[in-house]
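Dropping model38.cif in here (mmCIF, C-alpha atoms):
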```cif
data_data
loop_
_atom_site.label_atom_id
_atom_site.label_comp_id
_atom_site.auth_asym_id
_atom_site.auth_seq_id
_atom_site.Cartn_x
_atom_site.Cartn_y
_atom_site.Cartn_z
CA MET A 1 2.38 -81.15 43.62
CA SER A 2 1.19 -82.31 47.06
CA LYS A 3 3.49 -84.42 49.20
CA ALA A 4 2.67 -88.01 50.10
CA ILE A 5 1.16 -88.60 53.53
CA ASN A 6 2.51 -90.83 56.29
CA THR A 7 0.33 -92.41 58.98
CA VAL A 8 2.27 -91.96 62.22
CA ILE A 9 1.62 -92.77 65.87
CA THR A 10 1.47 -89.61 68.00
CA GLY A 11 -0.01 -90.85 71.26
CA THR A 12 -0.67 -94.02 73.23
CA GLY A 13 -2.45 -94.94 76.43
CA SER A 14 -3.51 -98.07 78.26
CA TYR A 15 -5.55 -99.21 81.22
CA ILE A 16 -4.39 -102.25 83.17
CA PRO A 17 -7.02 -103.48 85.67
CA GLU A 18 -5.99 -103.46 89.31
CA ASN A 19 -7.43 -106.90 90.13
CA ILE A 20 -4.57 -109.43 89.81
CA ILE A 21 -5.70 -113.05 89.36
CA SER A 22 -2.98 -115.62 90.05
CA GLY A 23 -3.19 -119.33 89.34
CA ASN A 24 -4.12 -119.93 92.97
CA GLU A 25 -7.48 -118.26 92.31
CA PHE A 26 -8.46 -121.40 90.33
CA LEU A 27 -7.57 -123.96 93.00
CA ASN A 28 -11.22 -124.48 93.92
CA SER A 29 -12.37 -124.78 90.29
CA SER A 30 -13.94 -127.86 88.72
CA PHE A 31 -12.96 -128.31 85.08
CA PHE A 32 -14.86 -130.52 82.63
CA GLU A 33 -14.07 -131.87 79.18
CA ASN A 34 -16.61 -133.62 76.92
CA GLY A 35 -19.02 -133.71 79.85
CA ASN A 36 -16.55 -135.46 82.16
CA LYS A 37 -14.89 -133.89 85.17
CA LEU A 38 -11.10 -133.73 84.92
CA GLU A 39 -9.84 -135.89 87.76
CA LYS A 40 -6.24 -134.66 87.72
CA ASP A 41 -5.07 -132.68 90.73
CA ILE A 42 -6.22 -129.08 90.14
CA ALA A 43 -2.83 -127.67 91.17
CA GLU A 44 -1.21 -129.89 88.55
CA ILE A 45 -3.66 -128.66 85.89
CA ILE A 46 -2.88 -125.04 86.75
CA HIS A 47 0.88 -125.67 86.70
CA LYS A 48 0.71 -127.47 83.34
CA PHE A 49 -1.43 -124.69 81.89
CA SER A 50 1.09 -122.05 83.00
CA GLU A 51 3.95 -124.11 81.59
CA ILE A 52 2.25 -124.35 78.17
CA THR A 53 1.01 -120.76 77.86
CA GLU A 54 3.60 -118.91 80.04
CA ILE A 55 0.68 -117.17 81.79
CA VAL A 56 1.24 -116.73 85.52
CA GLU A 57 -1.21 -113.89 86.21
CA ARG A 58 -4.08 -112.17 84.46
CA ARG A 59 -6.09 -109.00 85.19
CA TYR A 60 -9.83 -108.64 85.76
CA VAL A 61 -11.83 -105.41 85.88
CA LEU A 62 -13.67 -104.26 88.99
CA PRO A 63 -17.42 -105.07 89.23
CA ALA A 64 -18.59 -101.59 88.22
CA GLN A 65 -16.33 -101.35 85.16
CA LEU A 66 -17.44 -102.07 81.58
CA SER A 67 -15.43 -102.29 78.37
CA ASN A 68 -16.43 -98.79 77.31
CA HIS A 69 -15.26 -97.41 80.68
CA ILE A 70 -11.77 -98.87 80.46
CA GLY A 71 -11.58 -97.97 76.77
CA ALA A 72 -12.31 -94.36 77.68
CA LEU A 73 -9.61 -94.41 80.37
CA ALA A 74 -7.03 -95.59 77.82
CA ALA A 75 -8.32 -93.03 75.31
CA GLU A 76 -7.91 -90.14 77.77
CA LYS A 77 -4.29 -91.14 78.34
CA ALA A 78 -3.63 -91.38 74.59
CA ILE A 79 -5.11 -87.91 73.96
CA GLU A 80 -3.01 -86.46 76.78
CA ASN A 81 0.11 -88.28 75.54
CA ALA A 82 -0.43 -86.92 72.01
CA GLY A 83 -1.02 -83.40 73.35
CA ILE A 84 -3.96 -82.81 71.02
CA ASP A 85 -7.38 -81.22 71.25
CA LYS A 86 -9.84 -84.11 71.44
CA GLU A 87 -12.24 -82.18 69.17
CA THR A 88 -9.75 -82.60 66.29
CA LEU A 89 -10.24 -86.38 66.14
CA ASP A 90 -11.85 -87.42 62.84
CA TYR A 91 -12.58 -91.01 63.84
CA ILE A 92 -12.82 -93.10 66.98
CA ILE A 93 -12.61 -96.79 66.13
CA PHE A 94 -13.37 -99.13 69.05
CA CYS A 95 -12.26 -102.73 68.53
CA HIS A 96 -13.84 -105.42 70.72
CA ASN A 97 -15.72 -108.73 70.50
CA PHE A 98 -18.36 -108.75 73.20
CA GLY A 99 -19.34 -105.14 73.90
CA ASP A 100 -20.25 -104.26 77.46
CA ILE A 101 -21.01 -107.17 79.78
CA PRO A 102 -22.26 -106.22 83.26
CA SER A 103 -20.81 -107.95 86.30
CA ASN A 104 -22.56 -111.25 87.18
CA SER A 105 -24.09 -111.35 83.72
CA ASN A 106 -23.54 -113.17 80.45
CA ARG A 107 -25.46 -110.74 78.25
CA ILE A 108 -23.72 -108.29 75.94
CA ASP A 109 -24.63 -104.67 75.22
CA ILE A 110 -23.46 -103.02 72.00
CA LEU A 111 -26.20 -100.40 71.63
CA PRO A 112 -25.06 -97.75 71.06
CA SER A 113 -21.62 -98.64 69.80
CA LEU A 114 -18.85 -98.61 72.36
CA ALA A 115 -17.10 -95.95 70.27
CA SER A 116 -20.14 -93.71 70.67
CA LYS A 117 -20.14 -94.35 74.41
CA VAL A 118 -16.47 -93.37 74.59
CA LYS A 119 -17.09 -90.23 72.54
CA GLN A 120 -19.86 -89.31 74.96
CA GLN A 121 -17.66 -89.97 78.01
CA LEU A 122 -14.86 -87.87 76.54
CA GLY A 123 -17.32 -85.05 75.90
CA ILE A 124 -16.38 -84.68 72.23
CA VAL A 125 -19.00 -82.40 70.67
CA ASN A 126 -17.68 -82.30 67.09
CA PRO A 127 -20.22 -84.23 64.92
CA ASP A 128 -17.53 -84.80 62.28
CA CYS A 129 -15.74 -87.11 64.73
CA VAL A 130 -17.23 -90.40 63.53
CA ALA A 131 -17.38 -93.20 66.11
CA TYR A 132 -17.86 -96.85 65.20
CA ASP A 133 -16.91 -100.37 66.31
CA ILE A 134 -14.98 -103.23 64.73
CA ILE A 135 -15.68 -106.85 65.65
CA PHE A 136 -12.81 -108.78 64.11
CA GLY A 137 -11.60 -111.21 66.74
CA CYS A 138 -8.28 -110.65 68.49
CA PRO A 139 -6.82 -108.97 65.35
CA GLY A 140 -9.42 -106.17 65.70
CA TRP A 141 -7.03 -103.46 66.87
CA VAL A 142 -4.52 -104.19 64.09
CA GLN A 143 -7.38 -104.03 61.57
CA GLY A 144 -8.51 -100.74 63.10
CA ALA A 145 -4.99 -99.38 62.58
CA ILE A 146 -5.11 -100.53 58.96
CA GLN A 147 -8.45 -98.74 58.48
CA ALA A 148 -6.96 -95.61 60.07
CA ASP A 149 -4.15 -95.78 57.51
CA TYR A 150 -6.69 -95.93 54.67
CA PHE A 151 -8.63 -92.95 56.04
CA ILE A 152 -5.51 -90.86 56.51
CA LYS A 153 -3.82 -91.68 53.20
CA SER A 154 -7.05 -91.05 51.30
CA GLY A 155 -7.17 -87.55 52.76
CA ASP A 156 -10.44 -88.25 54.56
CA ALA A 157 -8.90 -87.91 58.03
CA LYS A 158 -5.98 -86.29 59.80
CA ARG A 159 -6.37 -87.90 63.21
CA VAL A 160 -7.82 -91.31 64.09
CA MET A 161 -7.93 -92.95 67.50
CA VAL A 162 -8.06 -96.75 67.57
CA ILE A 163 -9.06 -98.39 70.85
CA GLY A 164 -8.85 -102.06 71.77
CA ALA A 165 -10.64 -103.12 74.95
CA GLU A 166 -12.18 -106.28 76.32
CA THR A 167 -13.56 -107.74 79.54
CA LEU A 168 -13.16 -111.42 78.75
CA SER A 169 -13.53 -112.35 82.43
CA ARG A 170 -17.28 -111.82 81.92
CA ILE A 171 -17.68 -114.25 79.00
CA ILE A 172 -15.49 -117.24 79.98
CA ASP A 173 -16.74 -120.59 81.22
CA PRO A 174 -15.57 -121.18 84.81
CA HIS A 175 -15.64 -124.95 84.15
CA ASP A 176 -13.35 -124.74 81.10
CA ARG A 177 -9.61 -124.76 81.86
CA ASP A 178 -9.04 -122.54 78.82
CA SER A 179 -10.70 -119.80 80.86
CA MET A 180 -7.35 -119.30 82.59
CA ILE A 181 -5.94 -117.81 79.38
CA PHE A 182 -8.21 -114.79 79.18
CA SER A 183 -7.93 -111.38 80.76
CA ASP A 184 -9.25 -107.80 80.71
CA GLY A 185 -7.62 -104.58 79.59
CA ALA A 186 -7.63 -101.62 77.23
CA GLY A 187 -5.21 -99.77 74.96
CA ALA A 188 -5.62 -96.75 72.69
CA VAL A 189 -3.42 -95.28 69.96
CA ILE A 190 -3.72 -92.05 68.00
CA PHE A 191 -2.65 -92.11 64.36
CA GLN A 192 -2.03 -88.83 62.58
CA ALA A 193 -1.33 -87.59 59.05
CA GLU A 194 2.17 -86.25 58.48
CA GLU A 195 3.68 -85.06 55.24
CA GLU A 196 6.29 -87.47 54.01
CA ALA A 197 9.84 -86.37 54.73
CA GLU A 198 12.98 -87.70 53.05
CA GLU A 199 12.52 -91.14 54.60
CA LYS A 200 9.10 -92.73 54.60
CA LYS A 201 7.89 -93.53 58.10
CA GLY A 202 4.72 -94.59 59.87
CA ILE A 203 2.72 -97.47 58.38
CA LEU A 204 4.71 -98.78 55.42
CA ALA A 205 2.59 -101.77 54.37
CA HIS A 206 -0.04 -104.16 55.66
CA LYS A 207 -1.67 -107.50 54.92
CA THR A 208 -4.90 -109.15 56.11
CA GLU A 209 -6.33 -112.62 55.44
CA THR A 210 -9.50 -114.47 56.50
CA HIS A 211 -9.46 -118.28 56.60
CA ALA A 212 -13.12 -118.94 57.34
CA VAL A 213 -14.05 -122.05 55.33
CA ASN A 214 -11.77 -124.55 57.07
CA TYR A 215 -10.92 -122.71 60.27
CA GLY A 216 -13.90 -120.51 61.17
CA ASN A 217 -14.93 -122.83 64.01
CA LEU A 218 -11.67 -122.74 65.96
CA LEU A 219 -13.03 -119.93 68.15
CA VAL A 220 -16.79 -119.88 68.71
CA MET A 221 -19.47 -119.31 71.32
CA GLY A 222 -20.66 -122.53 72.94
CA LYS A 223 -22.52 -123.96 75.90
CA GLY A 224 -20.92 -124.46 79.28
CA ALA A 225 -18.65 -127.43 79.93
CA HIS A 226 -20.53 -128.47 83.06
CA PRO A 227 -23.06 -131.12 81.92
CA GLU A 228 -25.71 -129.96 84.42
CA GLU A 229 -25.67 -126.29 83.44
CA THR A 230 -29.12 -125.28 82.18
CA ASN A 231 -29.04 -121.46 82.20
CA GLY A 232 -28.64 -121.21 78.43
CA ASN A 233 -25.47 -119.13 78.63
CA LEU A 234 -22.96 -119.22 75.80
CA TYR A 235 -19.24 -118.88 76.49
CA LEU A 236 -16.04 -118.25 74.58
CA LYS A 237 -14.76 -121.62 73.37
CA MET A 238 -11.68 -122.55 71.39
CA ASN A 239 -10.00 -125.57 69.88
CA GLY A 240 -6.62 -124.81 71.41
CA ARG A 241 -4.55 -127.47 69.67
CA LYS A 242 -5.91 -126.77 66.18
CA LEU A 243 -5.66 -123.02 66.73
CA TYR A 244 -2.01 -123.38 67.73
CA GLU A 245 -1.25 -125.45 64.63
CA PHE A 246 -3.08 -122.97 62.40
CA ALA A 247 -1.34 -119.91 63.85
CA VAL A 248 2.17 -121.35 63.76
CA VAL A 249 1.84 -122.18 60.06
CA GLN A 250 -0.24 -119.28 58.73
CA VAL A 251 0.78 -116.21 60.76
CA PRO A 252 4.46 -116.21 59.67
CA GLN A 253 3.35 -116.27 56.04
CA VAL A 254 1.11 -113.22 56.47
CA ILE A 255 3.83 -111.32 58.33
CA LYS A 256 6.28 -112.13 55.51
CA LYS A 257 3.81 -110.84 52.91
CA ALA A 258 3.57 -107.54 54.80
CA ILE A 259 7.36 -107.24 55.16
CA ASP A 260 7.88 -108.10 51.49
CA LYS A 261 5.22 -105.56 50.51
CA ALA A 262 7.18 -102.91 52.41
CA GLY A 263 10.27 -103.80 50.38
CA LEU A 264 12.13 -104.96 53.47
CA SER A 265 13.54 -108.17 54.95
CA VAL A 266 12.95 -109.66 58.38
CA GLU A 267 16.55 -108.66 59.16
CA ASP A 268 15.43 -105.00 58.90
CA VAL A 269 12.90 -105.48 61.72
CA ASN A 270 13.94 -104.15 65.13
CA ILE A 271 10.89 -105.08 67.22
CA VAL A 272 7.75 -107.21 66.85
CA PHE A 273 4.49 -106.41 68.62
CA VAL A 274 2.62 -109.70 68.34
CA HIS A 275 -0.74 -110.59 69.88
CA GLN A 276 -0.18 -111.95 73.38
CA ALA A 277 -2.12 -115.19 73.04
CA ASN A 278 0.26 -117.91 74.18
CA GLY A 279 3.93 -117.39 74.96
CA LYS A 280 5.17 -120.60 73.39
CA MET A 281 2.98 -120.07 70.31
CA ASP A 282 4.42 -116.61 69.74
CA THR A 283 7.93 -118.01 70.05
CA ALA A 284 7.11 -120.71 67.49
CA ILE A 285 5.61 -118.11 65.12
CA MET A 286 8.82 -116.09 65.22
CA LYS A 287 10.98 -119.16 64.56
CA ARG A 288 8.81 -120.07 61.55
CA LEU A 289 8.99 -116.49 60.26
CA PHE A 290 12.77 -116.46 60.27
CA LYS A 291 12.82 -119.92 58.66
CA LEU A 292 10.84 -118.45 55.74
CA TYR A 293 13.84 -116.18 55.15
CA GLY A 294 16.31 -119.06 55.49
CA LEU A 295 17.43 -117.97 58.95
CA ASP A 296 17.77 -120.34 61.90
CA THR A 297 18.05 -117.85 64.75
CA VAL A 298 15.63 -115.22 66.06
CA PRO A 299 17.53 -112.22 67.48
CA GLU A 300 17.32 -111.69 71.23
CA ASN A 301 15.08 -108.90 72.52
CA LEU A 302 13.06 -108.80 69.32
CA VAL A 303 9.65 -109.66 70.79
CA PRO A 304 8.49 -107.95 74.01
CA MET A 305 6.08 -110.09 76.00
CA THR A 306 3.54 -109.20 78.69
CA ILE A 307 1.46 -112.38 78.63
CA SER A 308 3.04 -113.77 81.82
CA TRP A 309 1.52 -111.02 83.97
CA LEU A 310 -1.32 -109.63 81.83
CA GLY A 311 -2.73 -112.76 80.17
CA ASN A 312 -4.63 -112.62 76.88
CA SER A 313 -6.90 -109.54 76.70
CA SER A 314 -7.68 -110.09 73.01
CA VAL A 315 -7.80 -106.81 71.05
CA ALA A 316 -6.15 -104.96 73.95
CA THR A 317 -2.89 -106.91 74.01
CA ILE A 318 -1.03 -105.10 71.21
CA PRO A 319 -1.97 -101.46 71.96
CA THR A 320 -1.29 -102.09 75.65
CA LEU A 321 2.08 -103.66 74.84
CA LEU A 322 2.96 -100.75 72.54
CA ASP A 323 2.08 -98.19 75.21
CA LEU A 324 4.13 -100.00 77.86
CA VAL A 325 7.18 -100.23 75.57
CA LEU A 326 6.94 -96.55 74.59
CA GLN A 327 6.64 -95.64 78.28
CA ASN A 328 9.79 -97.71 79.00
CA LYS A 329 7.81 -100.11 81.20
CA VAL A 330 8.93 -103.34 79.53
CA GLU A 331 12.46 -104.11 80.67
CA GLY A 332 14.98 -104.45 77.87
CA TYR A 333 12.79 -102.89 75.20
CA LYS A 334 12.60 -99.40 73.73
CA VAL A 335 12.26 -97.92 70.27
CA LYS A 336 14.09 -95.07 68.60
CA ALA A 337 13.56 -93.03 65.45
CA GLY A 338 14.17 -95.15 62.36
CA ASP A 339 13.37 -98.47 64.03
CA VAL A 340 11.17 -100.82 62.00
CA ALA A 341 8.38 -102.65 63.82
CA VAL A 342 5.95 -105.39 62.85
CA PHE A 343 2.48 -105.52 64.42
CA ALA A 344 0.69 -108.85 63.95
CA SER A 345 -2.31 -110.74 65.27
CA VAL A 346 -4.49 -113.81 64.76
CA GLY A 347 -7.91 -114.76 66.06
CA ALA A 348 -11.55 -115.65 65.58
CA GLY A 349 -12.65 -115.67 61.99
CA MET A 350 -10.00 -116.96 61.48
CA HIS A 351 -8.37 -113.62 60.72
CA ILE A 352 -4.67 -112.88 60.46
CA ASN A 353 -3.22 -109.43 59.91
CA ALA A 354 0.03 -107.51 60.11
CA PHE A 355 1.42 -104.09 59.39
CA VAL A 356 4.98 -102.79 59.11
CA TYR A 357 5.80 -99.49 60.80
CA ARG A 358 8.86 -97.24 60.88
CA PHE A 359 9.22 -95.02 63.95
#
```

Now, as a test, write the supplied structure out as structure tokens.
Amino acid sequence: MSKAINTVITGTGSYIPENIISGNEFLNSSFFENGNKLEKDIAEIIHKFSEITEIVERRYVLPAQLSNHIGALAAEKAIENAGIDKETLDYIIFCHNFGDIPSNSNRIDILPSLASKVKQQLGIVNPDCVAYDIIFGCPGWVQGAIQADYFIKSGDAKRVMVIGAETLSRIIDPHDRDSMIFSDGAGAVIFQAEEEAEEKKGILAHKTETHAVNYGNLLVMGKGAHPEETNGNLYLKMNGRKLYEFAVVQVPQVIKKAIDKAGLSVEDVNIVFVHQANGKMDTAIMKRLFKLYGLDTVPENLVPMTISWLGNSSVATIPTLLDLVLQNKVEGYKVKAGDVAVFASVGAGMHINAFVYRF
């Protein structure tokens, strides 16, 4: 009788752009809302924004870099970290939202898929290494991990690399104050099949939901905020207040469903890798989650955060955060064998997903 298979993480890598963008970079900006210029002092707007989101800095790629380039850089590090032959990868799943966007452009390129571009850059010859993309909003990387789990546990694959990369600096509206949230970056993780030992480890359970009917328009592409803009460009737009309210209510419920499915309690969780969207929102999500279990206090050092210095790089936030924690680069956080982690995200769709993992 064959043993059950675990889906375990064997390698991680990330690429953090060198170009640091502080709040001061926006001091000469003009922000508009409903066609009207915001007359508040720009320094006050920037300060208030930072206070609400906890974002102090964000990272932008260099002019010559595209999403597939930084995805490949993270992938190379993950392959090296795992110590594997790249030709043994069965799947490369590239999670993004906007493909490649050249510098000084607003036009996206997703032909061929970014996963195919990465495979080409890595020089992987094996035709049985299947490369494809996922467009699933900010929860894309988590969904890619869930698909990797399906492939591995079905016996279809032994090694799957899931990449999350985005260059949001190329698709944001410079006249929209929400543009200060977004950032660039890339993370990659290799999942591998391992025969189940005495204690089950790896991905224990997962849950995904899509709330499209009532909430699908909270994150959309829309015209520029400046009333005189006539170039026809579309930019990333969000209803920040409604999105916050949606996430704080719905995300804890999805996380609880995943934890319950794993046969565990929130008190069994040692660390939470949550999408770095808004610092205060993530804190509120955790408080709501513990309330669902009748608990009033969230343990200290449960949720590592990088949003203050990396901003929101969409699909890249969680794999980047994971890599930094595993490389002991997030002060106060590390994982050990047996620790239980929750990975969770929310974003355009509106999609919510989570998986429970034992190291």

Would you kindly return, as a PDB file with C-alpha atoms, in the coordinates of the input, each protein, DNA or RNA residue with an atom no farther than 10 Å from any atom of region 33-40 of chain A, considering all atoms listed in the file and excluding same-chain residues fewer than 3 positions away?
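Generated file (out20.pdb):
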```pdb
ATOM      1  CA  SER A  30     -13.940-127.860  88.720  1.00  0.00           C
ATOM      2  CA  ALA A  43      -2.830-127.670  91.170  1.00  0.00           C
ATOM      3  CA  GLU A  44      -1.210-129.890  88.550  1.00  0.00           C
ATOM      4  CA  ILE A  45      -3.660-128.660  85.890  1.00  0.00           C
ATOM      5  CA  HIS A 175     -15.640-124.950  84.150  1.00  0.00           C
ATOM      6  CA  ASP A 176     -13.350-124.740  81.100  1.00  0.00           C
ATOM      7  CA  ARG A 177      -9.610-124.760  81.860  1.00  0.00           C
ATOM      8  CA  GLY A 224     -20.920-124.460  79.280  1.00  0.00           C
ATOM      9  CA  ALA A 225     -18.650-127.430  79.930  1.00  0.00           C
ATOM     10  CA  HIS A 226     -20.530-128.470  83.060  1.00  0.00           C
ATOM     11  CA  PRO A 227     -23.060-131.120  81.920  1.00  0.00           C
ATOM     12  CA  GLU A 228     -25.710-129.960  84.420  1.00  0.00           C
TER      13      GLU A 228
END
```

*Using only C-alpha atoms, pick whichever of A:Asp268, A:Asp260, A:Glu331, A:Glu51 has the shortest atom-to-atom distance to Ala205 (chain A).*
A:Asp260

_I'd like the residues picked by the PyMOL selection byres ((chain A and resi 276-278) around 7) written out as a VMD selection string, using the chain letters and numbers from the file._
chain A and resid 53 to 54 274 to 275 279 to 282 307 312 317

_Nearest-residue call for Ala115 (chain A), choices A:Cys138, A:Ile70, A:Leu295, A:Ala284, using only C-alpha atoms_ =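 Between A:Cys138, A:Ile70, A:Leu295, A:Ala284, the residue approaching Ala115 (chain A) most closely is A:Ile70.
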
*What's the 12 Å shell around Leu73 (chain A), counting all atoms listed in the file, without same-chain residues fewer than 5 positions away, as a VMD selection string?*
chain A and resid 12 to 17 65 to 68 78 to 80 118 to 119 121 to 122 163 to 165 185 to 188

*Name the residues in contact with region 98-108 of chain A at a cut-off of 10 Å, using all atoms listed in the file, excluding same-chain residues fewer than 4 positions from it; report them as a ChimeraX atom specification.*
/A:61-69,94,112-114,133,135,137,165-172,232-236

Could you save the residues just selected, with C-alpha atoms, as an mmCIF file, in the frame of the given file?
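And here's out26.cif as it stands now:
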```cif
data_model
loop_
_atom_site.group_PDB
_atom_site.id
_atom_site.type_symbol
_atom_site.label_atom_id
_atom_site.label_comp_id
_atom_site.auth_asym_id
_atom_site.auth_seq_id
_atom_site.Cartn_x
_atom_site.Cartn_y
_atom_site.Cartn_z
ATOM 1 C CA VAL A 61 -11.830 -105.410 85.880
ATOM 2 C CA LEU A 62 -13.670 -104.260 88.990
ATOM 3 C CA PRO A 63 -17.420 -105.070 89.230
ATOM 4 C CA ALA A 64 -18.590 -101.590 88.220
ATOM 5 C CA GLN A 65 -16.330 -101.350 85.160
ATOM 6 C CA LEU A 66 -17.440 -102.070 81.580
ATOM 7 C CA SER A 67 -15.430 -102.290 78.370
ATOM 8 C CA ASN A 68 -16.430 -98.790 77.310
ATOM 9 C CA HIS A 69 -15.260 -97.410 80.680
ATOM 10 C CA PHE A 94 -13.370 -99.130 69.050
ATOM 11 C CA PRO A 112 -25.060 -97.750 71.060
ATOM 12 C CA SER A 113 -21.620 -98.640 69.800
ATOM 13 C CA LEU A 114 -18.850 -98.610 72.360
ATOM 14 C CA ASP A 133 -16.910 -100.370 66.310
ATOM 15 C CA ILE A 135 -15.680 -106.850 65.650
ATOM 16 C CA GLY A 137 -11.600 -111.210 66.740
ATOM 17 C CA ALA A 165 -10.640 -103.120 74.950
ATOM 18 C CA GLU A 166 -12.180 -106.280 76.320
ATOM 19 C CA THR A 167 -13.560 -107.740 79.540
ATOM 20 C CA LEU A 168 -13.160 -111.420 78.750
ATOM 21 C CA SER A 169 -13.530 -112.350 82.430
ATOM 22 C CA ARG A 170 -17.280 -111.820 81.920
ATOM 23 C CA ILE A 171 -17.680 -114.250 79.000
ATOM 24 C CA ILE A 172 -15.490 -117.240 79.980
ATOM 25 C CA GLY A 232 -28.640 -121.210 78.430
ATOM 26 C CA ASN A 233 -25.470 -119.130 78.630
ATOM 27 C CA LEU A 234 -22.960 -119.220 75.800
ATOM 28 C CA TYR A 235 -19.240 -118.880 76.490
ATOM 29 C CA LEU A 236 -16.040 -118.250 74.580
#
```

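As for CA of Lys86 (chain A) and CA of Ala4 (chain A), they are spaced 25.0 Å apart.
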
*For CA of Lys201 (chain A) and CA of Leu264 (chain A), quote the distance in Å rounded to one decimal.*
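Interatomic distance, CA of Lys201 (chain A) to CA of Leu264 (chain A): 13.0 Å.
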
*Near Asn24 (chain A), counting only C-alpha atoms, which residues have an atom at most 12 Å away, once you skip same-chain residues fewer than 6 positions from it, shown as a PyMOL selection string?*
chain A and resi 42-47+50+56-58+180

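In this model, the gap between CA of Thr88 (chain A) and CA of Leu321 (chain A) comes to 25.6 Å.
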
*Residue members of the PyMOL selection byres ((chain A and resi 335-337) around 8) in the file shown, as a ChimeraX atom specification*: /A:271,325-326,333-334,338-339,358-359

_Residues selected by the PyMOL selection byres ((chain A and resi 289) around 12), written as JSON, numbers by chain_ = {"A": [247, 248, 249, 250, 251, 252, 253, 254, 255, 256, 257, 258, 259, 265, 266, 267, 269, 272, 282, 283, 284, 285, 286, 287, 288, 290, 291, 292, 293, 294, 295, 296, 297, 298, 299, 342, 344]}

_Given only C-alpha atoms as the counted atoms, nearest of A:Met238, A:Val8, A:Ile134, A:Val340 to Asn217 (chain A)_ =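 That would be A:Met238, the residue with the smallest distance to Asn217 (chain A).
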
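Each of A:Phe182, A:Phe26, A:Phe32, A:Trp141 was compared to Gly311 (chain A) using only C-alpha atoms, and A:Phe182 turns out to be the nearest.
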
*So which one's closest to Ala354 (chain A), A:Ala72, A:Leu204, A:Ile93, A:Ile190? Using only C-alpha atoms, please.*
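Residue with the minimum atom-to-atom distance to Ala354 (chain A): A:Leu204.
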
*Counting all atoms listed in the file, the option among A:Pro304, A:Val356, A:Lys237, A:Lys207 closest to Lys223 (chain A)*: A:Lys237

*Tell me which protein, DNA and RNA residues are within 7 Å of Val130 (chain A), counting all atoms listed in the file, leaving out same-chain ones fewer than 6 positions away, and put them as a PyMOL selection string.*
chain A and resi 90-92

Taking C-alpha atoms for each residue, export the selection above as a short mmCIF file (atom, residue, chain, number, x, y, z; two decimals), in the frame of the given file.
```
data_model
loop_
_atom_site.label_atom_id
_atom_site.label_comp_id
_atom_site.auth_asym_id
_atom_site.auth_seq_id
_atom_site.Cartn_x
_atom_site.Cartn_y
_atom_site.Cartn_z
CA ASP A 90 -11.85 -87.42 62.84
CA TYR A 91 -12.58 -91.01 63.84
CA ILE A 92 -12.82 -93.10 66.98
#
```
